[in-house]
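Visitor: Structure in structure tokens, see below.
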Amino acid sequence: MPLRLVWMLSLPLTATLLVLPGTPSPADPPRTDAGKAAPADAPVSYQKQIAPLLQQYCVKCHGGAKPKAQLALDRIKTDQEAATQRKTWDAVIRALQAHEMPPAEKPQPRAAERDLFLRFLGQQLAAVDCTKKRDPGRVTIRRLNRVEYNNTIRDLLGVTFNPADDFPADDVGYGFDNIGDVLTMSPILLEKYLSAAERIVGLAVVTSPPSAPVIRFSRRQLTTNLKVEVPRFGGAYPLNVKGDLFVSYKAPSAGTYVFRVRAYGRTPDREPVRMSVRIADKEVAVLDVKASQGSATDYEVKVSLKPGNHRFAVSLVNPSKDASDKEPKKDDRTLYVQSFEIKAPVDAALPETHRRIFIARPGDGLTREEAARRILHVFARKAYRRPPTDAEITRLLRLVQMAEQQGDSFEKSIAVALQAILVSPHFLFRIEHDKDPKNPEAIHPINEHELATRLSYFLWSSMPDEELFALADKGQLRQNLDAQVKRMLQDARAQALVENFGGQWLQTRSLKTLNPDPGTFPTFDEALRAAMAKEVELFFAAIIKEDRSILDFIDADFTYVNRRLAEHYGIRFFSRRGGWERISTRDMPERGGVLTMASTLMVTSNPTRTSPVKRGKWILENILNAPPPPPPPDVPELKEEKQTMQTGSLRKRMEQHRVNPNCASCHAKMDPLGFGFENFDGIGAWRTKDGQFPVEPDGVLPTGETFKGPRELKAILKKREEQFARCLSEKLLTYALGRGVEYYDRCAIDDMVKSLKKDQYRFSTLVSAIVKSEPFQLRRGKRGDAK
């Protein structure tokens, strides 16, 4: 069932009639073909009741050998054939929504006849999907797109460069570049994968281990907690009373560290100077310091440390009875400390990328094969986003053994296997398994690791983190989805949702390719371009982080500006820091929401002028979920000659252009929406004149609603909350699944809209509803495309 058709059927009859031109009062009750009043739930026959209506009002244009718009309604003969023509009914409902059919100059069906047609569609098509077992659809095996590849490499290895920036551009389907059906694998991309894997592993792995690093702290770098500072002399720090001499040290990795103290002692009797060594508050050794002045000796202690900050301290254990915390006397037992030294393990000199991989080493109670198996199992689990099989690990171990037989070191041999993992289909593709892949009735839940992968690439455009892996390993992710969604949306990695979903839905990605005419817009510069993009990102991020209503996208009481954007908007900028500031738009009714942001206004303009058509089309596609059909062929372009432009404002010239009947039907729904934002020029600055002519931002929508300017138009659009909720639900579900939304997803989207309505349209509610939906949680075997 086409989603737009279902949306129409979900409206009350009177609301549905608003989208049909020339509608009389719906007072007449529906009648059967015999003229008798029919009950509201009476079955409607296509062959007996609907086909005659189509013959009377539609078939003259949409029939015969060359039907208009390639829509042949006369070829549908029986009820059985009608039930299979979902694509045809989708085209019909698009025409009804667009106020195109029947044309205004043609005979119009009575209200009863329209109602009969809508009831037929509801009975024959709409009711089937939600009363029976729901079809979750099937997601095509998906290659990681460029953004996902970069992010996955970053989170897997900690590599800071973006290797996929050199890959061929990803194709786009349904408005997004993560759609499985269009993410193909070309020979040149395969070459790029091979070279990228070699480069990534080369940067991450150190194949020639360095020597252990040693850090020395001179006496001037040491600190004491004695109340009175002890004088320093003779190149050593004297301790003759109880008190610590210490230094703070940040261990880069776990391992065994050697702590050395270069010291000597002085004692008035035979009792040796005794030195306590402590890590934090734990005493790890008490050493007798027998060296004397002139022959200072290194005293060392080996300690096991975890990564992080640690406090190394020494103190005198046995001071003389009458010693004071002033300058030591000759008969005081005294510990003299010249320096501290810390020798870190070899791993501490290795980069984080290397330490992340080499979690085991031969010789630590492990054979080379055991160490290699442990390393590869952990790495492959993360890279494949699931536990690897024994057979997969065995194949990787063979590569390690082959490299070692050729004389490679342990590190180099492991690097060979890592490269193999990074070019494996299990890394490059998101693979989900079916027990019965050719049976379309074999619906089953995806497993927990597949669910973790869907969730992380939806919200982060990257691999699952350890918390998601742990829950999936325990089989507990499904029961903790709400908590994980909230956690993930608050994570910094959720910026990927802003940039990748938001950037494509709102089309702000195209900002970097647009070049406004410098003669027409001399104030435009690269700083303004960057500020336009940043405003949208900050705004979208605020909606996510603050869990605001999705209706704020249409109109909100805040936005973000820096000095450059504030100047462009004509706003006084008071920030002393000079960065970005969140400001209220309550006193600026012309601003608020994405519709009046400079980024949106610029991407819907031409290089030399605004484009009400583009702006109207953008709203229909991205806010109202009612995209217009493609323009008919051979439609003349709007004349742009200077002489023509002096004859009137853009609006006047477009009204003349619209006299053409080939243009009128589409422009009737697009132009009013676009004209409502004519106060904004081609780069989003406020204006009151279009050249020498005053701007006229008023209009009448096909529904009869009137407005004067952007503020009133936004108010009208914001009232269509369920329509926008359905639009955003479809688009976000498309992005989350990596496939287009189909007729059988209608029930799931209905549930999403209901959930949003119950919870004040909060963004997190939509995300939670998507990840709990059948299309996200389930999959089925393959079948032929439905008509």
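By order in the structure tokens, chains are A, B, ...; within a chain, residues start at 1; ligands start at 1, following the order shown.
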So that I can check the secondary structure, give me every residue of segment 449-530 of chain A assigned alpha helix (DSSP H) by backbone DSSP, as a PyMOL selection string.

Guide: chain A and resi 449-459+466-474+481-490+495-496+503-505+526-530

Visitor: Just want the 9 Å neighbourhood of Gln293 of chain A, counted on only C-alpha atoms, with same-chain residues fewer than 6 positions away dropped. Output as a ChimeraX atom specification.

Guide: /A:263-266,336

Visitor: Would you save the residues of that selection, restricted to N, CA and C atoms, as a JSON list (two decimals), in the first residue's frame?

Guide:
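Listing of again_4.json after writing:
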```json
[["chain", "number", "residue", "atom", "x", "y", "z"],
["A", 263, "ALA", "N", 69.90, 7.68, 45.74],
["A", 263, "ALA", "CA", 69.95, 8.23, 47.10],
["A", 263, "ALA", "C", 71.18, 7.73, 47.85],
["A", 264, "TYR", "N", 71.43, 8.38, 48.97],
["A", 264, "TYR", "CA", 72.43, 7.91, 49.94],
["A", 264, "TYR", "C", 71.95, 8.34, 51.32],
["A", 265, "GLY", "N", 72.63, 7.85, 52.37],
["A", 265, "GLY", "CA", 72.17, 8.16, 53.72],
["A", 265, "GLY", "C", 73.30, 8.54, 54.65],
["A", 266, "ARG", "N", 72.89, 9.07, 55.78],
["A", 266, "ARG", "CA", 73.83, 9.40, 56.86],
["A", 266, "ARG", "C", 73.17, 8.99, 58.16],
["A", 336, "TYR", "N", 69.14, 11.23, 51.84],
["A", 336, "TYR", "CA", 69.40, 12.23, 50.81],
["A", 336, "TYR", "C", 68.96, 11.66, 49.45]]
```

Visitor: Please list as a list in words every residue within 10 Å of Tyr249 of chain A, counting only C-alpha atoms and excluding residues in the same chain fewer than 3 positions away.

Guide: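 Listing them by chain and then by number gives Ile215, Phe246, Pro252, Gly308, Asn309, His310, Arg311, Phe312 and Ile342 of chain A.
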
Visitor: Include C-alpha atoms and write out the residues we just selected as a CSV table (one decimal), in the first residue's frame.

Guide:
```
chain,number,residue,atom,x,y,z
A,215,ILE,CA,61.8,9.5,32.5
A,246,PHE,CA,57.0,12.5,45.7
A,252,PRO,CA,50.3,5.5,29.3
A,308,GLY,CA,46.4,6.7,34.5
A,309,ASN,CA,47.8,9.0,37.1
A,310,HIS,CA,50.0,7.6,39.9
A,311,ARG,CA,51.9,9.1,42.8
A,312,PHE,CA,55.4,7.8,43.5
A,342,ILE,CA,60.7,5.7,36.0
```

Visitor: So which residues touch Tyr174 of chain A within 10 Å, counting only C-alpha atoms, skipping near sequence neighbours fewer than 3 positions away, as a ChimeraX atom specification?

Guide: /A:177-179,182,731,734-735,738-741

Visitor: Please identify all polymer residues within 10 Å of Ala236 of chain A, counting only C-alpha atoms, omitting same-chain residues fewer than 3 positions from it, and present them as JSON, numbers by chain.

Guide: {"A": [218, 219, 220, 231, 232, 233, 239, 262, 263, 264, 293, 296, 335, 336, 337, 338, 339]}

Visitor: Can you pull out the residues contacting segment 63-65 of chain A? Cut-off 12 Å, using only C-alpha atoms, and skip same-chain residues under 5 positions away; I want them as a ChimeraX atom specification.

Guide: /A:54-58,70-76

Visitor: Please measure the separation of atom CA of Ser510 of chain A and atom CA of Pro612 of chain A, giving the value in Å to one decimal.

Guide: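 Between these atoms lies a distance of 18.3 Å.
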
Visitor: Using atom CA of Pro710 of chain A and atom CA of Thr520 of chain A as the two end points, give the distance in Å to one decimal.

Guide: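 Separation of atom CA of Pro710 of chain A and atom CA of Thr520 of chain A: 23.0 Å.
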
Visitor: If you measure from atom CA of Pro319 of chain A to atom CA of Arg333 of chain A, what distance in Å do you get, rounded to one decimal?

Guide: 5.5 Å

Visitor: Would you please extract all strand (DSSP E) residues from segment 133-245 of chain A, as assigned by DSSP on the backbone, and give them as a list in words?

Guide: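 The strand (DSSP E) subset of segment 133-245 of chain A is Arg142, Arg143, Val214, Ile215, Arg216, Phe217, Ser218, Thr223, Thr224, Tyr237, Pro238, Leu239 and Leu245 of chain A.
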
Visitor: Nearest to Val277 of chain A among A:Asp555, A:Asp244, A:Asp436, A:Asp698, with distances taken over only C-alpha atoms: which residue is it?

Guide: A:Asp244

Visitor: Can you build me a table of segment 47-158 of chain A residues sitting at most 10 Å from segment 194-214 of chain A, with the closest atom pair per residue and its distance in Å to one decimal, using only C-alpha atoms, sorted by chain and residue number, as a Markdown table?

Guide:
```
| residue | atom | partner | partner_atom | distance |
| --- | --- | --- | --- | --- |
| A:Ile153 | CA | A:Ile200 | CA | 8.3 |
| A:Leu157 | CA | A:Ala204 | CA | 6.9 |
| A:Gly158 | CA | A:Ala204 | CA | 7.9 |
```

Visitor: With only C-alpha atoms as the basis for distance, which of A:Lys132, A:Arg138, A:Arg762, A:Arg582 is at the shortest distance from Asp434 of chain A?

Guide: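 Of all the options, A:Arg138 lies closest to Asp434 of chain A.
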
Visitor: So, with only C-alpha atoms as the atoms that count, which of A:Lys782, A:Lys534, A:Lys106, A:His568 lies closest to Asp681 of chain A?

Guide: A:His568

Visitor: My list of candidates is A:Asn318, A:Ile50, A:Asp165, A:Leu673. Which is closest to Val241 of chain A when distances are computed with only C-alpha atoms?

Guide: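 Using only C-alpha atoms, Val241 of chain A sits closest to A:Asn318.
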
Visitor: Ranking A:Pro629, A:Lys306, A:Met752, A:His377 by minimum distance to Lys250 of chain A and counting only C-alpha atoms, which one comes first?

Guide: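 Smallest separation from Lys250 of chain A among the options: A:Lys306.
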